[in-house]
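Structure data follow from entry-v3.txt (compact mmCIF, C-alpha atoms):
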```
# COMPACT_ATOMS: atom_id res chain seq x y z
CA MET A 1 96.73 87.02 69.63
CA GLY A 2 94.97 87.75 72.89
CA LEU A 3 95.72 90.13 75.67
CA THR A 4 98.90 92.08 76.07
CA LYS A 5 100.91 91.82 79.25
CA ARG A 6 100.24 94.85 81.44
CA ILE A 7 102.67 97.18 83.18
CA VAL A 8 101.10 98.69 86.26
CA PRO A 9 102.88 101.44 88.16
CA CYS A 10 101.82 101.56 91.79
CA LEU A 11 101.59 104.75 93.80
CA ASP A 12 101.58 104.49 97.58
CA VAL A 13 99.66 107.52 98.76
CA ARG A 14 99.79 108.95 102.28
CA ASP A 15 97.80 112.06 103.16
CA GLY A 16 97.59 112.93 99.45
CA ARG A 17 101.33 112.52 98.65
CA THR A 18 103.14 109.64 96.92
CA VAL A 19 105.57 107.81 99.19
CA LYS A 20 107.70 104.72 98.78
CA GLY A 21 109.02 102.37 101.43
CA ARG A 22 111.12 99.25 101.67
CA ARG A 23 109.53 96.17 103.15
CA PHE A 24 106.53 98.26 104.20
CA VAL A 25 108.60 100.76 106.26
CA GLU A 26 111.14 103.63 105.76
CA LEU A 27 108.95 105.99 103.75
CA VAL A 28 110.42 108.48 101.27
CA ASP A 29 108.45 111.25 99.50
CA ALA A 30 108.03 110.49 95.79
CA GLY A 31 105.96 113.44 94.59
CA ASP A 32 102.43 114.56 93.72
CA PRO A 33 100.33 111.52 92.77
CA VAL A 34 98.35 113.37 90.11
CA ASP A 35 101.47 114.54 88.25
CA LEU A 36 103.03 111.12 88.61
CA ALA A 37 99.88 109.40 87.34
CA ALA A 38 99.76 111.69 84.28
CA ARG A 39 103.44 111.01 83.59
CA TYR A 40 103.02 107.23 83.78
CA ASP A 41 99.97 107.43 81.52
CA ALA A 42 101.95 109.44 78.96
CA GLU A 43 104.74 106.86 79.13
CA GLY A 44 102.33 104.03 78.31
CA ALA A 45 101.23 102.60 81.67
CA ASP A 46 98.37 100.13 81.13
CA GLU A 47 96.67 100.95 84.39
CA LEU A 48 97.48 102.53 87.72
CA VAL A 49 97.16 101.30 91.27
CA PHE A 50 96.88 103.69 94.20
CA LEU A 51 97.43 102.25 97.65
CA ASP A 52 96.23 104.53 100.39
CA ILE A 53 98.57 104.07 103.33
CA THR A 54 97.17 106.99 105.29
CA ALA A 55 97.78 106.19 108.92
CA SER A 56 94.40 107.25 110.24
CA ILE A 57 91.43 105.30 108.94
CA GLU A 58 89.19 108.31 109.63
CA ASP A 59 90.95 110.54 107.11
CA ARG A 60 90.40 109.05 103.66
CA GLY A 61 89.25 112.30 102.09
CA PRO A 62 92.60 113.16 100.43
CA MET A 63 92.59 109.83 98.55
CA GLU A 64 89.21 110.58 97.04
CA GLN A 65 90.42 114.02 95.98
CA VAL A 66 93.50 112.46 94.37
CA LEU A 67 91.32 109.96 92.49
CA ALA A 68 88.94 112.64 91.31
CA ARG A 69 91.80 114.75 89.97
CA VAL A 70 93.52 111.79 88.31
CA ALA A 71 90.29 110.60 86.68
CA GLU A 72 89.87 113.97 84.96
CA ARG A 73 93.28 113.64 83.32
CA VAL A 74 94.02 109.96 82.87
CA PHE A 75 91.78 107.63 80.85
CA ILE A 76 93.09 104.19 81.74
CA PRO A 77 91.85 101.86 84.49
CA LEU A 78 92.45 103.11 88.03
CA THR A 79 92.52 100.80 91.03
CA VAL A 80 92.52 101.98 94.62
CA GLY A 81 93.19 100.01 97.78
CA GLY A 82 94.19 100.45 101.36
CA GLY A 83 91.89 100.61 104.34
CA LEU A 84 88.66 99.82 102.47
CA ARG A 85 86.41 97.93 104.88
CA THR A 86 82.86 98.06 103.63
CA ALA A 87 80.85 98.15 100.42
CA GLY A 88 80.15 101.77 101.34
CA ASP A 89 83.89 102.55 101.30
CA VAL A 90 84.09 100.87 97.91
CA GLU A 91 81.18 102.87 96.55
CA ARG A 92 82.81 106.15 97.64
CA MET A 93 86.04 105.27 95.82
CA LEU A 94 84.23 104.19 92.65
CA ARG A 95 82.22 107.40 92.72
CA ALA A 96 85.41 109.43 93.17
CA GLY A 97 86.81 107.96 89.95
CA ALA A 98 88.25 104.50 90.65
CA ASP A 99 87.38 101.64 88.30
CA LYS A 100 88.42 98.86 90.65
CA VAL A 101 89.11 98.47 94.34
CA SER A 102 91.68 96.25 95.90
CA LEU A 103 90.61 94.50 99.11
CA ASN A 104 93.15 92.96 101.43
CA THR A 105 92.83 92.84 105.23
CA ALA A 106 89.08 93.45 105.24
CA ALA A 107 88.53 90.53 102.85
CA VAL A 108 90.47 88.18 105.13
CA LEU A 109 88.63 89.33 108.24
CA ARG A 110 85.24 89.32 106.50
CA PRO A 111 85.37 87.21 103.31
CA GLU A 112 81.71 87.94 102.50
CA LEU A 113 82.85 91.49 101.62
CA LEU A 114 84.17 90.13 98.30
CA ALA A 115 80.82 88.67 97.33
CA ASP A 116 79.09 91.82 98.50
CA VAL A 117 81.28 94.03 96.30
CA ALA A 118 81.15 91.64 93.35
CA THR A 119 77.37 91.45 93.50
CA ARG A 120 76.83 95.20 93.81
CA PHE A 121 79.52 96.50 91.48
CA GLY A 122 80.66 93.46 89.45
CA SER A 123 83.61 91.09 89.75
CA GLN A 124 85.54 93.26 87.31
CA CYS A 125 86.00 95.85 90.01
CA ALA A 126 86.80 93.48 92.89
CA VAL A 127 90.56 92.93 93.08
CA LEU A 128 91.74 90.67 95.88
CA ALA A 129 95.11 91.85 97.18
CA VAL A 130 97.13 89.16 98.89
CA ASP A 131 100.37 89.81 100.76
CA ALA A 132 102.14 86.46 100.92
CA ARG A 133 105.20 85.41 102.88
CA ARG A 134 107.12 82.26 102.11
CA THR A 135 106.96 79.71 104.95
CA GLY A 136 108.54 76.72 103.22
CA PRO A 137 109.09 75.08 99.84
CA GLY A 138 106.02 75.84 97.72
CA ARG A 139 104.19 77.30 100.72
CA TRP A 140 103.18 80.85 101.46
CA GLU A 141 101.19 82.39 104.26
CA VAL A 142 98.78 85.33 104.01
CA VAL A 143 99.86 88.35 106.07
CA ILE A 144 97.49 91.24 106.79
CA HIS A 145 97.51 94.70 108.36
CA GLY A 146 100.14 95.99 105.96
CA GLY A 147 102.53 93.14 106.60
CA ARG A 148 102.27 93.08 110.38
CA THR A 149 99.89 90.23 111.15
CA PRO A 150 100.50 86.66 109.99
CA THR A 151 97.24 84.77 109.58
CA GLY A 152 98.35 81.16 109.24
CA LYS A 153 96.16 81.05 106.09
CA ASP A 154 97.63 79.30 103.06
CA ALA A 155 97.99 81.91 100.30
CA LEU A 156 97.03 79.66 97.38
CA ALA A 157 93.97 78.31 99.19
CA TRP A 158 92.92 81.87 100.03
CA ILE A 159 93.36 82.98 96.41
CA ARG A 160 91.13 80.11 95.24
CA GLU A 161 88.54 80.99 97.86
CA GLY A 162 88.70 84.68 96.96
CA VAL A 163 87.99 83.94 93.31
CA SER A 164 85.12 81.64 94.20
CA ARG A 165 83.69 84.50 96.30
CA GLY A 166 83.82 86.90 93.37
CA ALA A 167 87.30 88.43 93.04
CA GLY A 168 87.94 89.31 89.39
CA GLU A 169 91.70 89.77 89.65
CA ILE A 170 94.47 88.97 92.13
CA LEU A 171 97.09 91.50 93.13
CA LEU A 172 99.72 89.24 94.60
CA THR A 173 102.60 90.72 96.58
CA SER A 174 105.57 88.72 97.73
CA MET A 175 106.46 90.22 101.09
CA ASP A 176 109.87 88.61 100.95
CA GLN A 177 110.69 90.46 97.74
CA ASP A 178 108.75 93.71 98.22
CA GLY A 179 110.88 96.84 97.97
CA THR A 180 114.10 94.85 97.53
CA GLN A 181 114.26 95.18 93.72
CA ALA A 182 115.72 91.66 93.82
CA GLY A 183 113.22 90.10 91.41
CA PHE A 184 109.74 88.65 91.82
CA ASP A 185 108.91 85.36 93.54
CA LEU A 186 108.34 83.48 90.27
CA GLU A 187 107.30 80.27 91.96
CA LEU A 188 104.57 82.10 93.86
CA THR A 189 103.13 83.90 90.84
CA ARG A 190 103.24 80.77 88.70
CA ALA A 191 101.47 78.71 91.36
CA ALA A 192 98.79 81.38 91.74
CA SER A 193 98.34 81.76 87.98
CA ARG A 194 97.77 78.02 87.65
CA ALA A 195 95.44 77.93 90.67
CA VAL A 196 92.79 80.31 89.33
CA GLY A 197 91.28 81.52 86.06
CA VAL A 198 91.53 85.25 86.74
CA PRO A 199 94.46 87.56 85.98
CA ILE A 200 97.41 87.67 88.36
CA ILE A 201 99.07 91.03 88.88
CA ALA A 202 102.52 90.25 90.26
CA SER A 203 103.99 92.62 92.80
CA GLY A 204 107.05 92.83 94.97
CA GLY A 205 110.60 92.78 93.75
CA ALA A 206 110.62 94.53 90.38
CA GLY A 207 114.12 95.90 90.05
CA THR A 208 115.27 95.37 86.52
CA ARG A 209 113.60 95.05 83.16
CA GLU A 210 114.73 91.42 83.12
CA SER A 211 112.90 90.71 86.36
CA ILE A 212 109.69 92.07 84.83
CA ALA A 213 110.17 89.98 81.69
CA ASP A 214 110.76 86.94 83.89
CA VAL A 215 107.58 87.29 85.92
CA LEU A 216 105.50 87.74 82.76
CA THR A 217 106.97 84.63 81.13
CA ALA A 218 108.39 82.08 83.59
CA GLY A 219 106.23 83.55 86.38
CA GLU A 220 103.09 83.28 84.17
CA ALA A 221 101.75 86.58 85.51
CA ASP A 222 99.33 88.64 83.42
CA ALA A 223 100.60 91.97 84.68
CA ALA A 224 103.56 93.32 86.61
CA LEU A 225 103.23 96.01 89.23
CA ALA A 226 106.19 98.18 90.12
CA ALA A 227 106.86 101.34 92.07
CA SER A 228 110.48 102.13 92.94
CA ILE A 229 111.98 101.59 89.51
CA PHE A 230 109.54 104.08 88.01
CA HIS A 231 109.37 106.66 90.83
CA PHE A 232 113.08 107.10 91.11
CA GLY A 233 113.69 107.18 87.39
CA ALA A 234 115.70 103.99 86.86
CA TYR A 235 113.45 103.23 83.87
CA THR A 236 110.38 104.73 82.31
CA VAL A 237 107.34 102.59 81.57
CA GLY A 238 108.24 103.00 77.90
CA ASP A 239 111.76 101.65 78.49
CA VAL A 240 110.33 98.55 80.11
CA LYS A 241 107.79 98.02 77.34
CA ARG A 242 110.36 98.37 74.58
CA PHE A 243 112.54 95.86 76.40
CA LEU A 244 109.64 93.40 76.70
CA GLU A 245 108.66 93.82 73.06
CA ALA A 246 112.22 93.13 71.95
CA ARG A 247 111.94 89.84 73.82
CA GLY A 248 108.78 88.88 71.98
CA ILE A 249 106.36 89.73 74.81
CA GLU A 250 103.26 91.45 73.46
CA VAL A 251 102.64 94.81 75.09
CA ARG A 252 100.53 97.83 74.19
CA GLN A 253 102.77 100.44 72.56
CA MET B 1 79.27 124.98 70.19
CA THR B 2 79.48 121.73 72.08
CA THR B 3 77.26 118.77 71.43
CA ARG B 4 74.78 117.79 74.13
CA VAL B 5 75.21 114.09 74.70
CA GLY B 6 72.67 112.23 76.79
CA VAL B 7 74.21 109.49 78.92
CA ILE B 8 71.69 106.84 79.94
CA ASP B 9 71.88 106.06 83.66
CA TRP B 10 70.16 102.68 83.79
CA GLY B 11 71.26 102.11 87.38
CA GLY B 12 74.77 100.73 87.13
CA GLY B 13 78.03 100.95 85.30
CA ASN B 14 80.95 103.33 85.22
CA LEU B 15 78.97 106.39 84.30
CA GLY B 16 81.41 108.85 85.82
CA SER B 17 84.24 107.64 83.58
CA VAL B 18 82.08 107.92 80.47
CA VAL B 19 80.97 111.43 81.39
CA ARG B 20 84.54 112.57 82.12
CA ALA B 21 85.84 111.13 78.85
CA LEU B 22 83.08 112.77 76.79
CA ARG B 23 83.81 116.10 78.45
CA ARG B 24 87.52 115.63 77.79
CA VAL B 25 86.95 115.35 74.04
CA GLY B 26 84.75 118.41 73.89
CA GLY B 27 81.25 117.03 74.42
CA ASP B 28 78.66 118.34 76.83
CA PRO B 29 77.43 115.18 78.58
CA VAL B 30 74.15 115.12 80.46
CA LEU B 31 73.49 112.21 82.81
CA ALA B 32 69.92 111.23 83.62
CA ALA B 33 68.13 108.35 85.32
CA GLU B 34 64.87 108.90 83.43
CA PRO B 35 64.19 109.67 79.76
CA GLY B 36 62.80 113.16 80.43
CA GLY B 37 66.21 114.23 81.65
CA LEU B 38 67.70 113.57 78.22
CA ALA B 39 65.10 115.42 76.14
CA GLY B 40 66.74 117.53 73.44
CA CYS B 41 70.03 115.63 73.44
CA GLU B 42 71.38 115.30 69.90
CA ARG B 43 73.24 112.11 70.73
CA LEU B 44 72.88 109.27 73.20
CA VAL B 45 75.41 107.08 74.97
CA PHE B 46 74.38 103.74 76.44
CA PRO B 47 77.19 102.64 78.75
CA GLY B 48 77.28 99.21 80.27
CA VAL B 49 79.14 97.50 83.02
CA GLY B 50 77.14 94.63 84.38
CA ALA B 51 75.19 91.53 83.47
CA PHE B 52 73.07 91.41 80.29
CA GLY B 53 69.84 90.91 82.24
CA ASP B 54 70.58 93.74 84.70
CA VAL B 55 71.42 96.20 81.94
CA LEU B 56 68.27 95.47 79.94
CA GLY B 57 66.18 95.32 83.12
CA GLY B 58 67.48 98.74 84.16
CA LEU B 59 67.04 100.19 80.68
CA ARG B 60 63.44 98.97 80.42
CA GLY B 61 62.56 99.59 84.07
CA ARG B 62 63.50 103.24 83.77
CA GLY B 63 61.66 103.66 80.49
CA PHE B 64 64.66 104.24 78.22
CA GLU B 65 63.87 101.58 75.60
CA PRO B 66 61.32 103.64 73.56
CA MET B 67 63.66 106.63 73.62
CA LEU B 68 66.55 104.54 72.35
CA ARG B 69 64.45 103.05 69.54
CA GLU B 70 63.13 106.46 68.55
CA ALA B 71 66.63 107.88 68.42
CA VAL B 72 67.74 105.07 66.12
CA GLU B 73 64.68 105.44 63.88
CA ALA B 74 65.22 109.21 63.69
CA GLY B 75 68.85 108.63 62.76
CA ARG B 76 70.28 110.31 65.87
CA PRO B 77 73.72 108.93 66.70
CA VAL B 78 73.81 106.38 69.53
CA LEU B 79 77.01 105.01 71.03
CA CYS B 80 76.79 101.78 73.03
CA VAL B 81 79.61 100.49 75.19
CA CYS B 82 80.43 96.97 76.44
CA VAL B 83 77.16 95.35 77.58
CA GLY B 84 75.49 98.25 75.79
CA LEU B 85 76.79 96.71 72.54
CA GLN B 86 75.58 93.27 73.58
CA ALA B 87 72.11 94.66 74.41
CA LEU B 88 71.63 95.62 70.73
CA PHE B 89 71.47 91.94 69.75
CA GLU B 90 68.62 89.46 70.09
CA GLY B 91 69.70 87.67 73.24
CA SER B 92 72.58 86.44 75.34
CA ASP B 93 73.72 83.13 76.75
CA GLU B 94 74.38 85.06 79.97
CA THR B 95 70.69 85.66 80.63
CA PRO B 96 68.75 83.59 78.06
CA GLU B 97 65.33 84.50 79.50
CA VAL B 98 65.83 88.22 78.85
CA PRO B 99 65.38 89.35 75.24
CA GLY B 100 67.83 91.87 73.85
CA LEU B 101 66.77 94.94 71.91
CA GLY B 102 67.07 93.04 68.64
CA LEU B 103 68.21 96.11 66.70
CA LEU B 104 70.93 93.88 65.25
CA ARG B 105 70.58 90.20 64.41
CA GLY B 106 72.74 87.72 66.29
CA ARG B 107 73.38 86.39 69.78
CA VAL B 108 75.82 87.03 72.58
CA ARG B 109 78.00 84.08 73.51
CA ARG B 110 80.47 83.21 76.26
CA PHE B 111 84.22 82.93 75.65
CA THR B 112 85.33 79.33 75.85
CA ALA B 113 89.11 79.71 75.82
CA GLY B 114 91.57 81.58 78.00
CA LYS B 115 90.90 83.27 81.30
CA VAL B 116 87.29 84.46 81.53
CA PRO B 117 86.53 87.32 81.87
CA GLN B 118 88.98 88.78 79.44
CA ILE B 119 90.52 91.67 81.42
CA GLY B 120 93.12 93.86 79.80
CA TRP B 121 94.33 95.40 76.57
CA ASN B 122 93.66 93.61 73.31
CA ARG B 123 94.18 94.59 69.72
CA VAL B 124 91.32 95.95 67.66
CA GLU B 125 91.71 95.60 63.90
CA PRO B 126 89.48 97.84 61.78
CA ALA B 127 87.14 96.01 59.44
CA GLY B 128 86.90 97.03 55.82
CA GLY B 129 83.66 97.76 54.02
CA GLY B 130 80.67 99.80 55.13
CA ALA B 131 81.33 99.69 58.87
CA GLY B 132 85.01 100.54 58.49
CA GLY B 133 86.59 103.76 59.70
CA VAL B 134 85.07 103.62 63.19
CA VAL B 135 88.08 102.21 65.02
CA ASP B 136 91.81 102.63 64.62
CA ASP B 137 94.19 99.71 64.56
CA ALA B 138 94.98 100.02 68.26
CA TYR B 139 95.00 98.29 71.62
CA CYS B 140 91.90 98.91 73.67
CA TYR B 141 90.80 97.98 77.18
CA PHE B 142 88.34 95.10 77.57
CA VAL B 143 86.50 93.58 80.50
CA ASN B 144 84.09 90.94 79.24
CA SER B 145 83.10 87.32 79.53
CA TYR B 146 80.71 87.44 76.57
CA TYR B 147 80.93 88.70 73.00
CA ALA B 148 78.39 89.42 70.30
CA ALA B 149 78.23 87.23 67.20
CA PRO B 150 76.46 89.32 64.53
CA GLU B 151 74.65 87.38 61.81
CA ASP B 152 75.46 90.08 59.30
CA PRO B 153 79.24 90.51 59.03
CA SER B 154 78.83 93.86 57.29
CA VAL B 155 77.97 95.51 60.65
CA VAL B 156 81.36 94.60 62.09
CA ALA B 157 83.61 97.64 62.45
CA GLY B 158 86.45 96.00 64.34
CA TRP B 159 87.75 92.52 65.02
CA THR B 160 89.62 91.16 68.03
CA ASP B 161 91.05 87.75 68.90
CA TYR B 162 90.44 86.10 72.24
CA GLY B 163 90.41 82.40 71.59
CA VAL B 164 87.77 83.30 69.01
CA ARG B 165 87.78 86.14 66.49
CA PHE B 166 84.95 88.36 67.65
CA ALA B 167 83.30 91.66 66.76
CA SER B 168 84.86 94.19 69.12
CA ALA B 169 83.12 97.09 67.40
CA VAL B 170 79.97 97.30 65.30
CA ALA B 171 78.36 100.10 63.34
CA TRP B 172 75.07 100.25 61.52
CA GLY B 173 73.24 103.42 60.50
CA PRO B 174 73.16 105.72 63.54
CA LEU B 175 74.49 102.97 65.83
CA THR B 176 78.11 102.74 66.88
CA ALA B 177 79.07 100.21 69.53
CA THR B 178 82.24 98.95 71.12
CA GLN B 179 82.83 95.89 73.24
CA PHE B 180 85.90 97.59 74.72
CA HIS B 181 85.77 100.66 76.94
CA PRO B 182 86.78 103.75 74.93
CA GLU B 183 86.60 105.79 78.15
CA LYS B 184 89.39 103.61 79.58
CA SER B 185 91.44 102.98 76.43
CA GLY B 186 93.78 105.95 76.66
CA ASP B 187 94.39 107.99 73.53
CA ALA B 188 92.89 105.34 71.23
CA GLY B 189 89.61 105.48 73.14
CA LEU B 190 89.50 109.26 73.39
CA GLY B 191 90.19 109.44 69.65
CA LEU B 192 87.22 107.19 68.92
CA LEU B 193 84.95 109.31 71.13
CA ARG B 194 86.17 112.53 69.51
CA ARG B 195 85.53 111.19 66.01
CA TRP B 196 82.10 109.92 67.06
CA LEU B 197 81.18 113.38 68.39
CA GLU B 198 82.31 115.00 65.16
CA ARG B 199 80.74 112.56 62.77
```

Would you mind writing the structure in this file as structure tokens?
Amino acid sequence: MGLTKRIVPCLDVRDGRTVKGRRFVELVDAGDPVDLAARYDAEGADELVFLDITASIEDRGPMEQVLARVAERVFIPLTVGGGLRTAGDVERMLRAGADKVSLNTAAVLRPELLADVATRFGSQCAVLAVDARRTGPGRWEVVIHGGRTPTGKDALAWIREGVSRGAGEILLTSMDQDGTQAGFDLELTRAASRAVGVPIIASGGAGTRESIADVLTAGEADAALAASIFHFGAYTVGDVKRFLEARGIEVRQ
Amino acid sequence: MTTRVGVIDWGGGNLGSVVRALRRVGGDPVLAAEPGGLAGCERLVFPGVGAFGDVLGGLRGRGFEPMLREAVEAGRPVLCVCVGLQALFEGSDETPEVPGLGLLRGRVRRFTAGKVPQIGWNRVEPAGGGAGGVVDDAYCYFVNSYYAAPEDPSVVAGWTDYGVRFASAVAWGPLTATQFHPEKSGDAGLGLLRRWLER
């Protein structure tokens, strides 16, 4: 009966190593991204997201090497984001082994980038990443530059615009919840899911298996992205999927 | 002795993934942007990520159509993926002015229910009959807004539900084709590729 809900482990990669922070700061080493990717694949991850948080924009080479090594071992969709500014950057990542790219700050600063990428490589590979911060009841603002720069842009309006410009999926992070493991912002994901006809990958706040079940049901998300709970061994991807299946949520086993 | 598999580079698509997956299951993939580069290949793969018109335009523009037809006539195995499957049919609602290859009868139609494109893992149920045995009962990874509606149900090798029950895999003579991406469908996809190489 239609698509399964997806579980998407996210690996933050800096200078070729996996790291994990809380609220975009306080980084802790979480291992070799290639080994971690292979482990998540073996556990049943539906796809993988790699966010390159390398400090220097000039040194993206290690990310491409990571992608190339992962793509030789792991045969599920791979998405890469972080610091991609031009269609040329996107092309390099796709050539290295990525299937999709996630565009965030660059898409806000230059919205025509989305159309450019969608036209050249297809909407299926253009993921719009939106970092949203709650500003009031039912209102969220887009924040860019890794959570440092508020834009004043309404998140839902930007998501609609992004889809009309060619984004094929939305990777939606609640900045208020990110890294807290306190549960997703269900109101945000539900509002986004109802606003557009493309899949919503919910991010920010996964802490328990219940919170993941919640965002996939009450939150109406198509996929749930999580990092900490998998990196630090609280649950395996398989644990989460068995939990979801027991609650009647269809997942790939 | 590995099998030389010619991968058609028609100018787009996720060719790298297809090549890596074929190598992973023991094939010897050769990628070429013109037919001469694939001379002597025992098998062909026609991958497709893109619009129906672009795929057929690229295939014809680079001179691959005669080679593909000859391979089918000679009974050499051909595997088509995603829009590659759709290209086998007579035409598509996506690009009505561009004729398909017409190797199979039927048209390609747009999904009318649910989020379009379909992006994610969906269940493939093997069909019985002559085209059975190509796919396992498994979840596979799809990215598509359109699906093929074969006129002859006996070519259907696998069925999938997405608002409509559609042919997610077809097989006829030397042709095997999947609407999903075996190169991105984990073990289920690699298993299909391995069996295809060995068949």

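Taking atom CA of B:Tyr139 and atom CA of B:Glu125 as the two end points, the separation is 8.8 Å.
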
Please determine the contact residues of chain B with respect to chain A at a cut-off of 6 Å, counting all atoms listed in the file, and supply them as JSON, numbers by chain. {"B": [115, 121, 122, 161, 162, 184, 185, 186]}

Atom CA of A:Asp35 to atom CA of A:Thr208, straight-line distance in Å: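 About the pair atom CA of A:Thr208 and atom CA of A:Asp35: they are 23.7 Å apart.
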
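The closest residue to A:Phe184, picked from A:Arg209, A:Arg160, A:His231, A:Arg14 and counting all atoms listed in the file, is A:Arg209.
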
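Using only C-alpha atoms, every residue with an atom at most 8 Å from the point (101.5, 83.5, 87.1) is listed here: Leu186, Leu188, Thr189, Arg190, Ala191, Ala192, Ser193, Arg194, Ile200, Ala202, Val215, Leu216, Ala218, Gly219, Glu220, Ala221 and Asp222 of chain A.
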
Excluding stretch 135-146 of chain A and any residue of its chain fewer than 3 positions from it, enumerate the residues within 10 Å of it, using all atoms listed in the file, and give them as a VMD selection string. chain A and resid 23 to 25 53 82 to 83 104 to 109 129 to 132 149 to 159 173 to 175 187 to 188 191

So how many Å separate atom CA of A:Arg39 and atom CA of A:Leu103, to one decimal? 26.0 Å

Find the spatial neighbours of stretch 66-68 of chain B, counting all atoms listed in the file, within a cut-off of 12 Å - ignore same-chain residues fewer than 2 positions away - and output them as a PyMOL selection string. chain B and resi 6-8+34-41+43-46+56+59-64+70-80+84+87-88+101+103+174-175

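Using only C-alpha atoms, the smallest distance between any of B:Val83, B:Ala149, B:Val25, B:Ala131 and B:Val164 comes from B:Ala149.
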
Just give me the residues with any atom within 12 Å of (77.8, 95.6, 98.2), file coordinates, counting only C-alpha atoms, written as number ranges by chain. A: 85-92, 112-123, 125-126, 166

Neighbouring residues of B:Ala51 were defined as those with any atom within 9 Å, considering all atoms listed in the file; residues of the same chain fewer than 2 positions away were excluded. Please report them as number ranges by chain. A: 122; B: 48-49, 53-56, 83, 94-95

Option closest in space to B:Pro117, from B:Phe89, B:Trp196, B:Trp10, B:Tyr146 [counting all atoms listed in the file]: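 Checking each candidate against B:Pro117, we get B:Tyr146 as the closest.
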
Your completed stretch 31-45 of chain A with N, CA and C atoms, as a PDB file, in the coordinates of the input:
```pdb
ATOM      1  N   GLY A  31     106.604 112.446  95.438  1.00  0.00           N
ATOM      2  CA  GLY A  31     105.960 113.440  94.590  1.00  0.00           C
ATOM      3  C   GLY A  31     104.444 113.480  94.626  1.00  0.00           C
ATOM      4  N   ASP A  32     103.884 114.379  93.803  1.00  0.00           N
ATOM      5  CA  ASP A  32     102.430 114.560  93.720  1.00  0.00           C
ATOM      6  C   ASP A  32     101.821 113.415  92.905  1.00  0.00           C
ATOM      7  N   PRO A  33     100.876 112.692  93.478  1.00  0.00           N
ATOM      8  CA  PRO A  33     100.330 111.520  92.770  1.00  0.00           C
ATOM      9  C   PRO A  33      99.643 111.860  91.451  1.00  0.00           C
ATOM     10  N   VAL A  34      99.064 113.039  91.350  1.00  0.00           N
ATOM     11  CA  VAL A  34      98.350 113.370  90.110  1.00  0.00           C
ATOM     12  C   VAL A  34      99.356 113.583  88.973  1.00  0.00           C
ATOM     13  N   ASP A  35     100.430 114.330  89.266  1.00  0.00           N
ATOM     14  CA  ASP A  35     101.470 114.540  88.250  1.00  0.00           C
ATOM     15  C   ASP A  35     102.120 113.220  87.847  1.00  0.00           C
ATOM     16  N   LEU A  36     102.378 112.407  88.867  1.00  0.00           N
ATOM     17  CA  LEU A  36     103.030 111.120  88.610  1.00  0.00           C
ATOM     18  C   LEU A  36     102.127 110.224  87.751  1.00  0.00           C
ATOM     19  N   ALA A  37     100.842 110.215  88.090  1.00  0.00           N
ATOM     20  CA  ALA A  37      99.880 109.400  87.340  1.00  0.00           C
ATOM     21  C   ALA A  37      99.838 109.849  85.878  1.00  0.00           C
ATOM     22  N   ALA A  38      99.820 111.163  85.653  1.00  0.00           N
ATOM     23  CA  ALA A  38      99.760 111.690  84.280  1.00  0.00           C
ATOM     24  C   ALA A  38     101.043 111.320  83.530  1.00  0.00           C
ATOM     25  N   ARG A  39     102.171 111.350  84.248  1.00  0.00           N
ATOM     26  CA  ARG A  39     103.440 111.010  83.590  1.00  0.00           C
ATOM     27  C   ARG A  39     103.446 109.526  83.186  1.00  0.00           C
ATOM     28  N   TYR A  40     103.026 108.668  84.096  1.00  0.00           N
ATOM     29  CA  TYR A  40     103.020 107.230  83.780  1.00  0.00           C
ATOM     30  C   TYR A  40     102.060 106.938  82.626  1.00  0.00           C
ATOM     31  N   ASP A  41     100.929 107.610  82.613  1.00  0.00           N
ATOM     32  CA  ASP A  41      99.970 107.430  81.520  1.00  0.00           C
ATOM     33  C   ASP A  41     100.623 107.818  80.197  1.00  0.00           C
ATOM     34  N   ALA A  42     101.297 108.977  80.191  1.00  0.00           N
ATOM     35  CA  ALA A  42     101.950 109.440  78.960  1.00  0.00           C
ATOM     36  C   ALA A  42     103.044 108.476  78.516  1.00  0.00           C
ATOM     37  N   GLU A  43     103.666 107.799  79.460  1.00  0.00           N
ATOM     38  CA  GLU A  43     104.740 106.860  79.130  1.00  0.00           C
ATOM     39  C   GLU A  43     104.214 105.500  78.655  1.00  0.00           C
ATOM     40  N   GLY A  44     102.909 105.279  78.817  1.00  0.00           N
ATOM     41  CA  GLY A  44     102.330 104.030  78.310  1.00  0.00           C
ATOM     42  C   GLY A  44     101.896 103.042  79.366  1.00  0.00           C
ATOM     43  N   ALA A  45     101.732 103.498  80.621  1.00  0.00           N
ATOM     44  CA  ALA A  45     101.230 102.600  81.670  1.00  0.00           C
ATOM     45  C   ALA A  45      99.872 102.038  81.237  1.00  0.00           C
TER      46      ALA A  45
END
```
